[in-house]
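Presented below is the structure to which this report refers.
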Amino acid sequence: MRRLFGWALHLYFRLSRGLTLGVRAAVLNDTGEIFLVRHTYTPGWHLPGGGVEPGETVAAAIGKELREEANIEIIGPAVLHGLFLSGESSRRDHVAVFIIRDFTRSAPKVPDFEIAEAGFFALSALPEGTTPGTRRRLAEITAGAPVDERW
């Protein structure tokens with residue numbers, strides 16, 4: 001009976017309190033520029049990233065997303081900047097942001113069905129439409145602004 005109750009309680013929490021987890025990367029090159037992407041399906045310029053799949057680690061997810069969205073391969077440490085509640089799509093959505101400084105890039109990103117544009121930008125000349133959440137993370141990472149736990 002106890003085992004059945006535990007299973008039922010676990011199922012209840014999974015259905016009622018399920019969370020989603022995503023990853024994003026602040027990829028900074030040697031000249032201090034930041035890599036941003038503009039998706040085909042949502043407005044604005046964002047840090048590259050995506051969802052963490054079941055059974056996938058956040059480290060594997062950020063590596064996969066950077067390869068897919070930027071042709072970037074991480075060769076040094078991916079430093080966790082923070083974990084943020086993102087209320088844009090759901091109040092259950094969390095995003096882990098990593099700082100990447102050691103990487104290689106095999107080629108410029110060619111636009112595809114997911115990424116309309118991508119590239120490195122000077123922090124002082126971010127493209128028009130850079131999202132507020134992206135700007136907050138960059139201010140925290142590069143200018144020492146206080147960390148806001150909400151995206």
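Letters A, B, ... mark the chains of the structure tokens in the order given; residue numbers begin at 1 per chain; ligand numbers begin at 1, in order shown.
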
Non-local contacts of region 138-151 of chain A (6 Å; only C-alpha atoms; under 2 positions in same chain excluded) as JSON, numbers by chain = {"A": [84, 85, 86, 133, 135, 136]}

Residues from last step as file, all heavy atoms, as a tab-separated table (two decimals), in the first residue's frame:
```
chain	number	residue	atom	x	y	z
A	84	PHE	N	17.39	30.73	-14.08
A	84	PHE	CA	16.41	31.81	-14.11
A	84	PHE	C	15.01	31.27	-14.39
A	84	PHE	O	14.84	30.37	-15.21
A	84	PHE	CB	16.79	32.84	-15.18
A	84	PHE	CG	18.16	33.40	-14.96
A	84	PHE	CD1	19.28	32.77	-15.50
A	84	PHE	CD2	18.34	34.52	-14.17
A	84	PHE	CE1	20.55	33.27	-15.26
A	84	PHE	CE2	19.61	35.02	-13.93
A	84	PHE	CZ	20.72	34.39	-14.48
A	85	LEU	N	14.02	31.88	-13.75
A	85	LEU	CA	12.62	31.57	-14.03
A	85	LEU	C	12.20	32.41	-15.22
A	85	LEU	O	12.28	33.63	-15.18
A	85	LEU	CB	11.75	31.89	-12.81
A	85	LEU	CG	10.24	31.73	-13.02
A	85	LEU	CD1	9.90	30.26	-13.33
A	85	LEU	CD2	9.48	32.22	-11.81
A	86	SER	N	11.77	31.74	-16.26
A	86	SER	CA	11.34	32.43	-17.47
A	86	SER	C	9.83	32.35	-17.57
A	86	SER	O	9.28	31.30	-17.86
A	86	SER	CB	11.99	31.78	-18.70
A	86	SER	OG	11.49	32.37	-19.88
A	133	GLY	N	15.45	40.25	-21.62
A	133	GLY	CA	16.11	39.21	-20.83
A	133	GLY	C	17.55	39.00	-21.26
A	133	GLY	O	18.43	38.82	-20.42
A	135	ARG	N	19.47	41.29	-22.65
A	135	ARG	CA	20.21	42.48	-22.19
A	135	ARG	C	20.52	42.40	-20.69
A	135	ARG	O	21.61	42.77	-20.26
A	135	ARG	CB	19.42	43.75	-22.51
A	135	ARG	CG	19.40	44.08	-23.99
A	135	ARG	CD	18.61	45.36	-24.28
A	135	ARG	NE	18.55	45.65	-25.68
A	135	ARG	CZ	19.49	46.29	-26.38
A	135	ARG	NH1	20.57	46.72	-25.76
A	135	ARG	NH2	19.34	46.51	-27.66
A	136	ARG	N	19.56	41.90	-19.89
A	136	ARG	CA	19.81	41.77	-18.45
A	136	ARG	C	20.94	40.78	-18.18
A	136	ARG	O	21.82	41.03	-17.35
A	136	ARG	CB	18.54	41.33	-17.72
A	136	ARG	CG	17.57	42.46	-17.44
A	136	ARG	CD	16.46	42.05	-16.48
A	136	ARG	NE	15.60	41.01	-17.02
A	136	ARG	CZ	14.57	41.23	-17.84
A	136	ARG	NH1	14.29	42.46	-18.24
A	136	ARG	NH2	13.82	40.22	-18.25
```

Quick one: everything within 6 Å of Phe103 (chain A), counting only C-alpha atoms, minus sequence neighbours fewer than 3 positions away in the same chain. Send it as number ranges by chain.
-> A: 73-75

List every residue of chain A that DSSP, applied to the backbone of this structure, places in alpha helix (DSSP H), and write the result as a ChimeraX atom specification.
-> /A:2-16,58-70,132-143

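From CA of Phe120 (chain A) back to CA of Trp45 (chain A), the distance works out to 11.4 Å.
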
Out of chain A, which residues get strand (DSSP E or B) from DSSP, as a compact mmCIF listing (two decimals) with C-alpha atoms, in the first residue's frame?
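So states39.txt came out as:
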```txt
# COMPACT_ATOMS: atom_id res chain seq x y z
CA THR A 20 10.69 22.63 -18.11
CA LEU A 21 14.38 23.35 -18.37
CA GLY A 22 16.23 25.18 -21.10
CA VAL A 23 19.79 26.32 -21.65
CA ARG A 24 21.29 29.46 -23.16
CA ALA A 25 24.90 30.46 -23.73
CA ALA A 26 26.67 33.79 -23.50
CA VAL A 27 29.42 33.07 -26.03
CA LEU A 28 32.06 35.81 -25.78
CA ILE A 34 28.67 38.34 -27.93
CA PHE A 35 27.09 35.74 -30.20
CA LEU A 36 23.35 36.23 -30.73
CA VAL A 37 20.69 34.52 -32.83
CA ARG A 38 17.41 35.65 -34.35
CA HIS A 39 14.94 32.78 -34.67
CA TRP A 45 17.74 38.61 -30.78
CA HIS A 46 18.59 36.00 -28.16
CA GLY A 49 20.10 27.79 -26.69
CA GLY A 50 17.14 25.48 -26.41
CA GLY A 51 15.40 22.84 -24.36
CA ILE A 72 30.29 26.47 -32.26
CA GLU A 73 32.12 23.69 -30.42
CA ILE A 74 32.90 24.25 -26.73
CA ALA A 78 31.07 26.13 -19.68
CA VAL A 79 30.64 28.25 -16.56
CA LEU A 80 27.15 28.36 -15.06
CA HIS A 81 26.08 31.99 -14.67
CA GLY A 82 22.71 31.24 -13.12
CA LEU A 83 19.34 29.56 -13.22
CA PHE A 84 16.41 31.81 -14.11
CA LEU A 85 12.62 31.57 -14.03
CA SER A 86 11.34 32.43 -17.47
CA ASP A 93 9.96 27.28 -17.38
CA HIS A 94 13.56 27.60 -16.12
CA VAL A 95 16.67 28.54 -18.07
CA ALA A 96 20.29 27.75 -17.15
CA VAL A 97 22.67 30.34 -18.59
CA PHE A 98 26.30 29.41 -19.25
CA ILE A 99 29.27 31.62 -20.07
CA ILE A 100 31.44 30.25 -22.88
CA PHE A 103 35.34 27.60 -28.28
CA THR A 104 35.95 27.03 -31.97
CA ARG A 105 33.64 27.92 -34.81
CA ILE A 115 17.76 30.46 -37.34
CA ALA A 116 17.09 33.51 -39.52
CA GLU A 117 20.32 35.34 -38.60
CA ALA A 118 23.24 34.83 -36.25
CA GLY A 119 26.54 36.48 -35.48
CA PHE A 120 28.88 38.24 -33.09
CA PHE A 121 28.05 41.77 -31.95
CA THR A 130 17.75 42.34 -28.56
CA ARG A 150 13.65 36.11 -13.36
```

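Of the residues listed (A:Asp30, A:Arg101, A:Gly55, A:Phe113), A:Phe113 shows the shortest atom-to-atom separation from Glu69 (chain A); distances use only C-alpha atoms.
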
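CA of Val110 (chain A) sits 8.7 Å away from CA of Ala70 (chain A).
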
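Distance-wise, CA of Asn71 (chain A) and CA of Val52 (chain A) end up 18.5 Å apart.
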